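J.: Quick one: this structure, given as structure tokens, is what I'll be asking you about.
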Amino acid sequence: MSQVSVGDKVYVAKVKKKERKIVSLTKRLVKSPFGLMGFLVILGVCIVGIFAPVIAPFNPVETDLTKKLLAPMTGGHLLGTDQLGRDILSRIIYGTRISLIIGITTVFFAGLVGTTVGVLAGYFRGWLDVVLMRIVDVQLSFPFILLVLIINAVLGTGLKNIMISLIVVGWVSYARVIRSEVLAIREKEFIHSCFATGVPRWEIIVKHIVPNLFTPLIVLASLQVSTFIIAEASVSFLGFGVQPPTPAWGNMLNEGKNFILSSWWLITFPGLALVITTLGINLFGDWLRDELDPEMNQNR
Amino acid sequence: MSDTLLQVKELKKHFAINKGLFKPKAYVKAVDDVSFSVIRGETFGIVGESGCGKSTTGRTILRLNDITSGQVIFDGEDLSKLSYEDMRKARRKLQMVFQDPYASLNPKKTIRQILTEPLRVHGLFTKQEREEKATEIIEIVGLHVSHLDRYPHEFSGGQRQRIGIAKAVILQPDLIIADEPVSALDVSIQSQVINLLLKLQKEFNLTYIFISHDLGVVKHITDRVAVMYLGRIVELAKTEDLYDKPMHPYTQALLSAEPIRHPDEKRERVILKGDVPSPVNPPSGCTFHTRCVSCMEICKTQTPSLAIMEDGRSVACHLYN
Amino acid sequence: MSTKQPLLEIRNLDVSFRTQNDPLRIVHGLSLTLEQGETIGIVGESGSGKSVTSLAVMGLLPQPTGFISNGEILLDGRKISGLKEKEMRKLRGNEISMIFQEPMTSLNPVFTIGDQLSEPLKQHTKLSKKERKARIIEILKTVGIPRPEQIIHEYPHQLSGGMRQRIMISLAMLAEPKLLIADEPTTALDVTIQAQILDLIRRINKKKNTSVMLITHDLGVVAEICDKVAVMYAGEIVEYTDVRTLFDKPLHPYTQGLIASMPNMNERKGELHSIPGNVPRPTELPTGCHFSTRCTFAMDRCHKEAPPTISSGNNHTVSCWLHAIEQKEEPLEMEEENNVRHAITS
């Protein structure tokens with residue numbers, strides 16, 4: 001990092017040019033233990049989610065009261081069974097799908113809404129900015145999870161509704177970050193240069209500002225995925241989210257909490273799945289942020 | 001009378017700064033009542049130290065800032081009255097070259113995209129013709145066709161500035177405002193870029209407004225110069241006249257402060273006291289009176305106006321009234 | 001061949017930076033000497049290694065990437081390259097001080113001017129609080145700061161660029177160092193302020209007999225205050241002489257080009273003399289003479305072999321094949337390249 005002050009910019013750029021960007025990014029990922037770990041976790045979770053029917057040893061919703069509350073490693077149930085005799089491992093595997101759907105869709109749509117709002121507010125400023133940002137301020141002053149619960153209470157429970165509520169609550173943090181990014185980019189000389197050339201406004205926004213937002217967007221999104229997965233789990237834990245018998249990590253925790261003293265495995269394994277997944281995403285997100293941050297990147 | 005291309009009349013640009021919710025707004029008078037005209041085919045220089053408003057003047061003429069008041073008459077048309085869209089179209093004839101070649105090119109675009117964009121947004125030529133124009137211009141500015149598909153970061157500062165100049169020239173504008181176009185470049189590269197600007201001026205019959213703090217460069221390239229201090233023009237003259245015999249005490253100090261060319265050169269230095277005052281709260285009367293060696297009583301109360309001297313130059317100083 | 005010991009002596013210095021691949025040599029074979037009370041200018045463009053050289057003398061090479069890969073630096077005859085950080089810290093701000101280009105970033109925005117100035121006094125002296133204050137006010141007066149009693153309670157952002165640079169100079173001068181290193185001290189300032197600051201540096205140099213090492217890209221600044229000059233290009237000194245000889249009789253084509261391309265040296269509106277090409281990046285230096293790709297006099301040999309350092313008398317040395325050939329015709333003492341390099345310093 002310290003090389004910045006000495007080696008000139010030109011030479012830094014030169015080193016970067018040698019490898020194609022993606023290839024060099026991959027090479028650096030392999031060299032970073034935490035980033036790589038995060039990446040492998042995400043890869044694993046995705047594979048498990050997609051191939052759940054192939055991987056899961058049992059049907060996750062099939063109850064068998066004769067086999068209820070079996071401890072791990074008994075009766076062919078690697079992680080044991082729950083109070084209705086369902087295989088915990090299979091339920092976790094299927095639960096991955098819920099988490100993935102929540103993580104990817106809500107982040108995408110919240111990002112879309114938030115980016116649009118942020119770009120408009122940051123570019124046009126003035127009253128539009130004031131109105132939009134006060135909405136954001138008001139919304140940010142509510143605790144995140146409380147707001148999700150309120151919206152769910154109105155809309156009702158279920159996967160679709162929890163996704164809607166997460167999007168409605170989640171766009172604000174994008175709007176905030178993107179707005180300040182746009183404010184900064186707007187004052188860059190190359191944007192002034194666009195004005196001076198006579199580039200139309202919409203083209204400045206779409207072709208010159210938005211492409212320069214990808215870096216903060218990727219980073220923000222990668223960190224938001226884990227927030228949203230946890231939010232879904234919390235809502236489901238509180239009984240507002242995905243309804244039984246559909247397996248989701250949150251409602252598994254919810255059901256398992258009654259047996260926490262007698263059968264620890266009911267709550268431990270879905271909890272672990274949640275922790276490992278979010279940790280993996282966070283590690284990867286942190287690494288990505290460091291990689292894509294141009295200031296951090298100068299020394300490469 | 002020669003052909004006037006641009007006339008700036010009583011141009012003002014004041015920036016509002018919020019000092020707090022309940023305090024009255026303060027204004028930075030970045031450009032305060034500036035008038036001059038530029039003749040077709042000449043190079044008009046604006047010199048001054050940082051914060052004197054020279055860059056803001058350039059940007060305000062192009063309406064990169066809103067105009068607080070005054071007129072900018074370009075080719076008979078008052079730019080200050082144009083709608084956003086009409087101004088956008090008018091920019092085909094007025095282009096700008098920026099100071100920092102590292103910041104003024106979009107890092108995510110190839111040189112080809114950067115060079116064809118001006119033509120595209122003004123609806124000029126077919127796609128193929130635009131590509132041909134880009135090929136043509138990149139060679140004119142001394143780069144190679146193979147550079148077209150590269151990104152800005154792959155170029156050195158001097159090469160980037162060539163691209164920035166190509167981008168302005170490709171529209172064949174009448175006027176180019178060059179805001180410190182060489183001051184971010186290495187010494188050995190500066191003269192290359194100045195030569196390029198001179199060559200293009202001949203080739204395309206361009207008119208330049210050349211904004212710079214570098215007295216040597218301004219002396220070399222301009223026909224007439226305006227010296228600015230705290231948002232106002234204090235002296236405007238033919239370049240030779242100004243450098244031979246500066247009249248305003250500020251111009252005298254500025255020229256004498258320039259580093260010598262040879263260790264044996266002796267120069268009478270007018271060392272100015274103190275720093276440039278804040279443009280938020282400029283001194284009363286002549287804004288230069290706080291640092292002026294020939295300050296008189298009248299200077300503290302009355303603002304001198306730009307008066308025309310015998311040799312055709314204008315000076316804003318009570319010494320000559 | 002001076003009998004007294006030079007204040008600063010740099011012998012055959014190489015500075016390299018660790019990169020992902022091989023270490024990159026930024027400064028190569030640099031030798032120079034600086035007597036007590038002398039001012040030396042180190043001139044070069046970005047990437048010429050001039051700033052790195054000054055950081056090496058200060059022991060402030062960026063860690064852990066930068067290191068001295070060859071040669072040595074002596075201060076008052078004592079070897080200071082390779083000193084431990086703790087010992088180096090004793091030297092810095094005491095015997096050697098440095099001022100930087102951007103005075104805003106070198107001052108800590110959250111401390112008052114007084115706090116920042118008393119810090120080195122606390123470290124290097126045993127003065128009481130009152131004595132420290134008196135000393136600070138005295139030094140602020142000498143660098144031309146008006147109302148020093150008030151200024152010590154102000155913060156850096158309340159001052160203008162020129163004032164901040166004066167504060168930096170007073171900070172550097174507190175311990176009355178023997179050597180002041182100024183890295184582009186006026187580049188960020190306006191010409192009228194530049195004249196003031198150069199004047200101040202000149203006065204300090206005369207009054208306190210402080211040696212000054214001035215890093216700059218501006219030949220005008222060199223002409224103003226330097227006694228001798230080292231012109232650097234791509235990490236090497238290409239010409240080394242006293243300031244008058246440099247302007248009157250530059251020998252290296254690069255120096256000649258630099259001087260010829262100053263706008264004042266050319267006819268108005270005419271084409272400026274210019275050095276073709278671009279400053280090479282440290283990763284892709286041309287073989288042979290590093291300047292060969294931009295040199296109008298380049299011969300075959302220049303592209304293949306690094307030029308020797310030739311002495312043309314009067315402590316004037318130049319690294320260029322052109323002059324090597326001239327010397328063959330009227331043979332003086334021909335020496336091996338390395339010997340010549342050493343000869344400059346002795």
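In the structure tokens, each chain is lettered A, B, ... as it comes, each chain's residues begin at 1, and ligands are numbered from 1 in order of appearance.
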Determine which residues of stretch 18-118 of chain B DSSP labels as helix (DSSP H, G or I) from the backbone of this structure, then write them out as a PDB file with all heavy atoms, in the first residue's frame.
T.:
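states_14.pdb written:
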```
ATOM      1  N   LYS B  54      -9.978  32.150 -12.392  1.00  0.00           N
ATOM      2  CA  LYS B  54      -9.731  31.961 -13.817  1.00  0.00           C
ATOM      3  C   LYS B  54     -10.405  30.695 -14.355  1.00  0.00           C
ATOM      4  O   LYS B  54     -11.020  30.736 -15.411  1.00  0.00           O
ATOM      5  CB  LYS B  54      -8.227  31.955 -14.115  1.00  0.00           C
ATOM      6  CG  LYS B  54      -7.408  30.947 -13.322  1.00  0.00           C
ATOM      7  CD  LYS B  54      -5.927  31.135 -13.594  1.00  0.00           C
ATOM      8  CE  LYS B  54      -5.085  29.988 -13.061  1.00  0.00           C
ATOM      9  NZ  LYS B  54      -5.203  29.740 -11.610  1.00  0.00           N
ATOM     10  N   SER B  55     -10.319  29.618 -13.585  1.00  0.00           N
ATOM     11  CA  SER B  55     -10.972  28.382 -14.029  1.00  0.00           C
ATOM     12  C   SER B  55     -12.484  28.530 -14.017  1.00  0.00           C
ATOM     13  O   SER B  55     -13.167  28.053 -14.923  1.00  0.00           O
ATOM     14  CB  SER B  55     -10.587  27.218 -13.129  1.00  0.00           C
ATOM     15  OG  SER B  55      -9.274  26.832 -13.382  1.00  0.00           O
ATOM     16  N   THR B  56     -12.999  29.183 -12.964  1.00  0.00           N
ATOM     17  CA  THR B  56     -14.444  29.365 -12.879  1.00  0.00           C
ATOM     18  C   THR B  56     -14.935  30.188 -14.058  1.00  0.00           C
ATOM     19  O   THR B  56     -16.008  29.908 -14.602  1.00  0.00           O
ATOM     20  CB  THR B  56     -14.824  30.050 -11.557  1.00  0.00           C
ATOM     21  OG1 THR B  56     -14.096  29.420 -10.513  1.00  0.00           O
ATOM     22  CG2 THR B  56     -16.293  29.941 -11.285  1.00  0.00           C
ATOM     23  N   THR B  57     -14.169  31.171 -14.472  1.00  0.00           N
ATOM     24  CA  THR B  57     -14.557  31.955 -15.639  1.00  0.00           C
ATOM     25  C   THR B  57     -14.720  31.035 -16.840  1.00  0.00           C
ATOM     26  O   THR B  57     -15.741  31.072 -17.532  1.00  0.00           O
ATOM     27  CB  THR B  57     -13.480  33.028 -15.936  1.00  0.00           C
ATOM     28  OG1 THR B  57     -13.284  33.800 -14.759  1.00  0.00           O
ATOM     29  CG2 THR B  57     -13.900  33.921 -17.071  1.00  0.00           C
ATOM     30  N   GLY B  58     -13.729  30.194 -17.075  1.00  0.00           N
ATOM     31  CA  GLY B  58     -13.792  29.268 -18.207  1.00  0.00           C
ATOM     32  C   GLY B  58     -14.990  28.351 -18.135  1.00  0.00           C
ATOM     33  O   GLY B  58     -15.721  28.176 -19.107  1.00  0.00           O
ATOM     34  N   ARG B  59     -15.208  27.796 -16.958  1.00  0.00           N
ATOM     35  CA  ARG B  59     -16.323  26.865 -16.807  1.00  0.00           C
ATOM     36  C   ARG B  59     -17.667  27.553 -16.932  1.00  0.00           C
ATOM     37  O   ARG B  59     -18.640  26.977 -17.408  1.00  0.00           O
ATOM     38  CB  ARG B  59     -16.228  26.153 -15.459  1.00  0.00           C
ATOM     39  CG  ARG B  59     -15.142  25.118 -15.478  1.00  0.00           C
ATOM     40  CD  ARG B  59     -14.865  24.564 -14.097  1.00  0.00           C
ATOM     41  NE  ARG B  59     -13.785  23.609 -14.202  1.00  0.00           N
ATOM     42  CZ  ARG B  59     -13.958  22.296 -14.098  1.00  0.00           C
ATOM     43  NH1 ARG B  59     -15.140  21.812 -13.836  1.00  0.00           N
ATOM     44  NH2 ARG B  59     -12.947  21.472 -14.237  1.00  0.00           N
ATOM     45  N   THR B  60     -17.732  28.795 -16.456  1.00  0.00           N
ATOM     46  CA  THR B  60     -19.002  29.501 -16.500  1.00  0.00           C
ATOM     47  C   THR B  60     -19.347  29.909 -17.932  1.00  0.00           C
ATOM     48  O   THR B  60     -20.515  29.887 -18.314  1.00  0.00           O
ATOM     49  CB  THR B  60     -18.955  30.736 -15.574  1.00  0.00           C
ATOM     50  OG1 THR B  60     -18.447  30.312 -14.304  1.00  0.00           O
ATOM     51  CG2 THR B  60     -20.328  31.318 -15.358  1.00  0.00           C
ATOM     52  N   ILE B  61     -18.333  30.236 -18.736  1.00  0.00           N
ATOM     53  CA  ILE B  61     -18.595  30.546 -20.139  1.00  0.00           C
ATOM     54  C   ILE B  61     -19.257  29.344 -20.814  1.00  0.00           C
ATOM     55  O   ILE B  61     -20.203  29.476 -21.568  1.00  0.00           O
ATOM     56  CB  ILE B  61     -17.286  30.916 -20.860  1.00  0.00           C
ATOM     57  CG1 ILE B  61     -16.779  32.257 -20.357  1.00  0.00           C
ATOM     58  CG2 ILE B  61     -17.493  30.953 -22.369  1.00  0.00           C
ATOM     59  CD1 ILE B  61     -15.380  32.606 -20.815  1.00  0.00           C
ATOM     60  N   LEU B  79     -25.386  32.893 -24.835  1.00  0.00           N
ATOM     61  CA  LEU B  79     -25.418  31.540 -24.275  1.00  0.00           C
ATOM     62  C   LEU B  79     -26.142  31.495 -22.933  1.00  0.00           C
ATOM     63  O   LEU B  79     -26.731  30.492 -22.558  1.00  0.00           O
ATOM     64  CB  LEU B  79     -23.997  31.003 -24.080  1.00  0.00           C
ATOM     65  CG  LEU B  79     -23.133  30.825 -25.320  1.00  0.00           C
ATOM     66  CD1 LEU B  79     -21.779  30.255 -24.929  1.00  0.00           C
ATOM     67  CD2 LEU B  79     -23.806  29.903 -26.315  1.00  0.00           C
ATOM     68  N   SER B  80     -26.101  32.620 -22.203  1.00  0.00           N
ATOM     69  CA  SER B  80     -26.673  32.595 -20.861  1.00  0.00           C
ATOM     70  C   SER B  80     -28.185  32.433 -20.902  1.00  0.00           C
ATOM     71  O   SER B  80     -28.808  32.096 -19.903  1.00  0.00           O
ATOM     72  CB  SER B  80     -26.300  33.876 -20.104  1.00  0.00           C
ATOM     73  OG  SER B  80     -26.866  34.989 -20.766  1.00  0.00           O
ATOM     74  N   LYS B  81     -28.802  32.663 -22.070  1.00  0.00           N
ATOM     75  CA  LYS B  81     -30.256  32.577 -22.149  1.00  0.00           C
ATOM     76  C   LYS B  81     -30.733  31.263 -22.763  1.00  0.00           C
ATOM     77  O   LYS B  81     -31.936  31.042 -22.857  1.00  0.00           O
ATOM     78  CB  LYS B  81     -30.795  33.746 -22.976  1.00  0.00           C
ATOM     79  CG  LYS B  81     -30.494  35.104 -22.348  1.00  0.00           C
ATOM     80  CD  LYS B  81     -31.541  36.122 -22.659  1.00  0.00           C
ATOM     81  CE  LYS B  81     -31.438  37.329 -21.757  1.00  0.00           C
ATOM     82  NZ  LYS B  81     -30.024  37.821 -21.610  1.00  0.00           N
ATOM     83  N   TYR B  84     -31.436  24.272 -21.494  1.00  0.00           N
ATOM     84  CA  TYR B  84     -30.448  23.202 -21.290  1.00  0.00           C
ATOM     85  C   TYR B  84     -30.146  22.491 -22.601  1.00  0.00           C
ATOM     86  O   TYR B  84     -29.003  22.283 -22.963  1.00  0.00           O
ATOM     87  CB  TYR B  84     -30.979  22.197 -20.258  1.00  0.00           C
ATOM     88  CG  TYR B  84     -29.997  21.100 -19.947  1.00  0.00           C
ATOM     89  CD1 TYR B  84     -29.076  21.248 -18.911  1.00  0.00           C
ATOM     90  CD2 TYR B  84     -29.951  19.928 -20.703  1.00  0.00           C
ATOM     91  CE1 TYR B  84     -28.158  20.269 -18.638  1.00  0.00           C
ATOM     92  CE2 TYR B  84     -29.032  18.943 -20.439  1.00  0.00           C
ATOM     93  CZ  TYR B  84     -28.141  19.112 -19.401  1.00  0.00           C
ATOM     94  OH  TYR B  84     -27.232  18.139 -19.136  1.00  0.00           O
ATOM     95  N   GLU B  85     -31.200  22.141 -23.328  1.00  0.00           N
ATOM     96  CA  GLU B  85     -31.028  21.370 -24.557  1.00  0.00           C
ATOM     97  C   GLU B  85     -30.335  22.206 -25.646  1.00  0.00           C
ATOM     98  O   GLU B  85     -29.450  21.721 -26.350  1.00  0.00           O
ATOM     99  CB  GLU B  85     -32.398  20.852 -25.017  1.00  0.00           C
ATOM    100  CG  GLU B  85     -32.368  19.919 -26.208  1.00  0.00           C
ATOM    101  CD  GLU B  85     -31.519  18.662 -26.003  1.00  0.00           C
ATOM    102  OE1 GLU B  85     -31.239  18.303 -24.838  1.00  0.00           O
ATOM    103  OE2 GLU B  85     -31.111  18.051 -27.007  1.00  0.00           O
ATOM    104  N   ASP B  86     -30.713  23.485 -25.761  1.00  0.00           N
ATOM    105  CA  ASP B  86     -30.075  24.333 -26.771  1.00  0.00           C
ATOM    106  C   ASP B  86     -28.602  24.554 -26.446  1.00  0.00           C
ATOM    107  O   ASP B  86     -27.761  24.585 -27.330  1.00  0.00           O
ATOM    108  CB  ASP B  86     -30.797  25.689 -26.858  1.00  0.00           C
ATOM    109  CG  ASP B  86     -32.145  25.542 -27.541  1.00  0.00           C
ATOM    110  OD1 ASP B  86     -32.346  24.516 -28.228  1.00  0.00           O
ATOM    111  OD2 ASP B  86     -32.997  26.422 -27.357  1.00  0.00           O
ATOM    112  N   MET B  87     -28.313  24.695 -25.144  1.00  0.00           N
ATOM    113  CA  MET B  87     -26.935  24.868 -24.732  1.00  0.00           C
ATOM    114  C   MET B  87     -26.141  23.610 -25.073  1.00  0.00           C
ATOM    115  O   MET B  87     -25.001  23.683 -25.527  1.00  0.00           O
ATOM    116  CB  MET B  87     -26.871  25.160 -23.227  1.00  0.00           C
ATOM    117  CG  MET B  87     -25.461  25.425 -22.708  1.00  0.00           C
ATOM    118  SD  MET B  87     -24.725  26.922 -23.423  1.00  0.00           S
ATOM    119  CE  MET B  87     -23.006  26.446 -23.493  1.00  0.00           C
ATOM    120  N   ARG B  88     -26.751  22.465 -24.822  1.00  0.00           N
ATOM    121  CA  ARG B  88     -26.083  21.207 -25.136  1.00  0.00           C
ATOM    122  C   ARG B  88     -25.695  21.174 -26.617  1.00  0.00           C
ATOM    123  O   ARG B  88     -24.577  20.806 -26.973  1.00  0.00           O
ATOM    124  CB  ARG B  88     -27.025  20.040 -24.816  1.00  0.00           C
ATOM    125  CG  ARG B  88     -26.387  18.682 -24.991  1.00  0.00           C
ATOM    126  CD  ARG B  88     -27.334  17.561 -24.707  1.00  0.00           C
ATOM    127  NE  ARG B  88     -28.229  17.267 -25.812  1.00  0.00           N
ATOM    128  CZ  ARG B  88     -27.842  16.680 -26.943  1.00  0.00           C
ATOM    129  NH1 ARG B  88     -26.596  16.332 -27.102  1.00  0.00           N
ATOM    130  NH2 ARG B  88     -28.710  16.449 -27.905  1.00  0.00           N
ATOM    131  N   LYS B  89     -26.627  21.598 -27.472  1.00  0.00           N
ATOM    132  CA  LYS B  89     -26.332  21.591 -28.904  1.00  0.00           C
ATOM    133  C   LYS B  89     -25.266  22.621 -29.255  1.00  0.00           C
ATOM    134  O   LYS B  89     -24.409  22.377 -30.102  1.00  0.00           O
ATOM    135  CB  LYS B  89     -27.619  21.865 -29.696  1.00  0.00           C
ATOM    136  CG  LYS B  89     -28.550  20.667 -29.670  1.00  0.00           C
ATOM    137  CD  LYS B  89     -29.808  20.934 -30.466  1.00  0.00           C
ATOM    138  CE  LYS B  89     -30.752  19.759 -30.367  1.00  0.00           C
ATOM    139  NZ  LYS B  89     -32.155  20.203 -30.383  1.00  0.00           N
ATOM    140  N   ALA B  90     -25.315  23.759 -28.550  1.00  0.00           N
ATOM    141  CA  ALA B  90     -24.345  24.814 -28.849  1.00  0.00           C
ATOM    142  C   ALA B  90     -22.925  24.382 -28.516  1.00  0.00           C
ATOM    143  O   ALA B  90     -21.953  24.899 -29.063  1.00  0.00           O
ATOM    144  CB  ALA B  90     -24.700  26.075 -28.067  1.00  0.00           C
ATOM    145  N   ILE B 111     -10.701   4.224 -25.912  1.00  0.00           N
ATOM    146  CA  ILE B 111     -10.403   5.490 -26.576  1.00  0.00           C
ATOM    147  C   ILE B 111     -11.339   5.683 -27.763  1.00  0.00           C
ATOM    148  O   ILE B 111     -11.801   6.790 -28.045  1.00  0.00           O
ATOM    149  CB  ILE B 111      -8.927   5.512 -27.034  1.00  0.00           C
ATOM    150  CG1 ILE B 111      -8.004   5.227 -25.844  1.00  0.00           C
ATOM    151  CG2 ILE B 111      -8.576   6.838 -27.660  1.00  0.00           C
ATOM    152  CD1 ILE B 111      -8.247   6.078 -24.628  1.00  0.00           C
ATOM    153  N   ARG B 112     -11.659   4.578 -28.449  1.00  0.00           N
ATOM    154  CA  ARG B 112     -12.568   4.677 -29.580  1.00  0.00           C
ATOM    155  C   ARG B 112     -13.919   5.246 -29.128  1.00  0.00           C
ATOM    156  O   ARG B 112     -14.448   6.165 -29.735  1.00  0.00           O
ATOM    157  CB  ARG B 112     -12.763   3.288 -30.203  1.00  0.00           C
ATOM    158  CG  ARG B 112     -13.544   3.305 -31.510  1.00  0.00           C
ATOM    159  CD  ARG B 112     -13.848   1.879 -31.970  1.00  0.00           C
ATOM    160  NE  ARG B 112     -12.643   1.093 -32.184  1.00  0.00           N
ATOM    161  CZ  ARG B 112     -11.940   1.119 -33.318  1.00  0.00           C
ATOM    162  NH1 ARG B 112     -12.326   1.879 -34.310  1.00  0.00           N
ATOM    163  NH2 ARG B 112     -10.866   0.374 -33.462  1.00  0.00           N
ATOM    164  N   GLN B 113     -14.445   4.693 -28.019  1.00  0.00           N
ATOM    165  CA  GLN B 113     -15.724   5.193 -27.508  1.00  0.00           C
ATOM    166  C   GLN B 113     -15.623   6.656 -27.105  1.00  0.00           C
ATOM    167  O   GLN B 113     -16.519   7.454 -27.370  1.00  0.00           O
ATOM    168  CB  GLN B 113     -16.173   4.360 -26.303  1.00  0.00           C
ATOM    169  CG  GLN B 113     -16.624   2.959 -26.679  1.00  0.00           C
ATOM    170  CD  GLN B 113     -16.806   2.076 -25.459  1.00  0.00           C
ATOM    171  OE1 GLN B 113     -16.007   2.100 -24.529  1.00  0.00           O
ATOM    172  NE2 GLN B 113     -17.865   1.297 -25.455  1.00  0.00           N
ATOM    173  N   ILE B 114     -14.501   6.989 -26.447  1.00  0.00           N
ATOM    174  CA  ILE B 114     -14.327   8.366 -25.982  1.00  0.00           C
ATOM    175  C   ILE B 114     -14.287   9.338 -27.160  1.00  0.00           C
ATOM    176  O   ILE B 114     -14.882  10.403 -27.122  1.00  0.00           O
ATOM    177  CB  ILE B 114     -13.028   8.471 -25.141  1.00  0.00           C
ATOM    178  CG1 ILE B 114     -13.228   7.769 -23.798  1.00  0.00           C
ATOM    179  CG2 ILE B 114     -12.629   9.931 -24.930  1.00  0.00           C
ATOM    180  CD1 ILE B 114     -11.972   7.636 -22.979  1.00  0.00           C
ATOM    181  N   LEU B 115     -13.619   8.932 -28.238  1.00  0.00           N
ATOM    182  CA  LEU B 115     -13.453   9.857 -29.358  1.00  0.00           C
ATOM    183  C   LEU B 115     -14.679   9.941 -30.260  1.00  0.00           C
ATOM    184  O   LEU B 115     -14.936  10.976 -30.873  1.00  0.00           O
ATOM    185  CB  LEU B 115     -12.227   9.464 -30.188  1.00  0.00           C
ATOM    186  CG  LEU B 115     -10.877   9.709 -29.514  1.00  0.00           C
ATOM    187  CD1 LEU B 115      -9.748   9.338 -30.465  1.00  0.00           C
ATOM    188  CD2 LEU B 115     -10.731  11.153 -29.085  1.00  0.00           C
ATOM    189  N   THR B 116     -15.444   8.840 -30.373  1.00  0.00           N
ATOM    190  CA  THR B 116     -16.605   8.907 -31.263  1.00  0.00           C
ATOM    191  C   THR B 116     -17.827   9.483 -30.559  1.00  0.00           C
ATOM    192  O   THR B 116     -18.750   9.944 -31.215  1.00  0.00           O
ATOM    193  CB  THR B 116     -16.962   7.522 -31.839  1.00  0.00           C
ATOM    194  OG1 THR B 116     -17.084   6.600 -30.749  1.00  0.00           O
ATOM    195  CG2 THR B 116     -15.914   7.037 -32.806  1.00  0.00           C
ATOM    196  N   GLU B 117     -17.811   9.466 -29.229  1.00  0.00           N
ATOM    197  CA  GLU B 117     -18.991   9.944 -28.506  1.00  0.00           C
ATOM    198  C   GLU B 117     -19.398  11.379 -28.859  1.00  0.00           C
ATOM    199  O   GLU B 117     -20.579  11.633 -29.099  1.00  0.00           O
ATOM    200  CB  GLU B 117     -18.773   9.815 -26.994  1.00  0.00           C
ATOM    201  CG  GLU B 117     -19.972  10.295 -26.211  1.00  0.00           C
ATOM    202  CD  GLU B 117     -19.861  10.004 -24.738  1.00  0.00           C
ATOM    203  OE1 GLU B 117     -18.919  10.517 -24.129  1.00  0.00           O
ATOM    204  OE2 GLU B 117     -20.705   9.279 -24.215  1.00  0.00           O
ATOM    205  N   PRO B 118     -18.459  12.336 -28.887  1.00  0.00           N
ATOM    206  CA  PRO B 118     -18.884  13.709 -29.215  1.00  0.00           C
ATOM    207  C   PRO B 118     -19.629  13.780 -30.539  1.00  0.00           C
ATOM    208  O   PRO B 118     -20.641  14.460 -30.646  1.00  0.00           O
ATOM    209  CB  PRO B 118     -17.562  14.474 -29.298  1.00  0.00           C
ATOM    210  CG  PRO B 118     -16.598  13.685 -28.509  1.00  0.00           C
ATOM    211  CD  PRO B 118     -17.020  12.265 -28.607  1.00  0.00           C
TER     212      PRO B 118
END
```
J.: Please identify every residue of chain B that has at least one atom no more than 7 Å from any atom of chain A, counting only C-alpha atoms, and report them as JSON, numbers by chain.
T.: {"B": [62, 64, 88, 89, 91, 92, 95, 96, 103, 104, 105, 106, 118, 121, 153, 154, 156]}
J.: Grab the atom CA of C:Pro120 to atom CA of C:Glu102 distance for me, in Å with one decimal place.
T.: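 Atom CA of C:Glu102 lies 20.0 Å from atom CA of C:Pro120.
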J.: Set the distance at 7 Å and use only C-alpha atoms: which residues neighbour stretch 50-67 of chain C once local chain neighbours fewer than 2 positions away are removed? I'd like the list as a ChimeraX atom specification.
T.: /A:2-3,6 /C:15-18,42,44,48,69,73,88,92,181,183,215,232
J.: Tell me which protein, DNA and RNA residues are within 12 Å of A:Arg176, counting only C-alpha atoms, leaving out same-chain ones fewer than 5 positions away, and put them as a list of chain:residue names.
T.: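 Those residues are A:Gly111, A:Val113, A:Gly114, A:Thr115, A:Thr116, A:Val117, A:Gly118, A:Val119, A:Leu120, A:Ala121, A:Gly122, A:Asp129, A:Leu132, A:Met133, A:Arg134, A:Ile135, A:Val136, A:Asp137, A:Gln139, A:Leu140, A:Gly170, A:Trp171, A:Glu181, A:Val182, A:Leu183, A:Pro216, A:Leu217, A:Leu220.
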J.: Just want the 12 Å neighbourhood of C:Gln158, counted on only C-alpha atoms, with same-chain residues fewer than 4 positions away dropped. Output as a list in words.
T.: Ser278 of chain B; Met104, Pro109, Val110, Phe111, Thr112, Ile113, Gln150, Ile151, Ile152, His153, Glu154, Gly162, Met163 and Arg164 of chain C
J.: Extract the full set of strand (DSSP E or B) residues from stretch 91-272 of chain B according to DSSP on the backbone, and format it as a VMD selection string.
T.: chain B and resid 94 to 97 175 to 179 207 to 212 224 to 229 232 to 238
J.: Between A:Leu147, A:Arg86, A:Leu223, A:Ser165, which residue has the minimum interatomic distance to A:Phe284, considering only C-alpha atoms?
T.: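 Checking each of A:Leu147, A:Arg86, A:Leu223, A:Ser165 against A:Phe284, counting only C-alpha atoms, the winner is A:Leu223.
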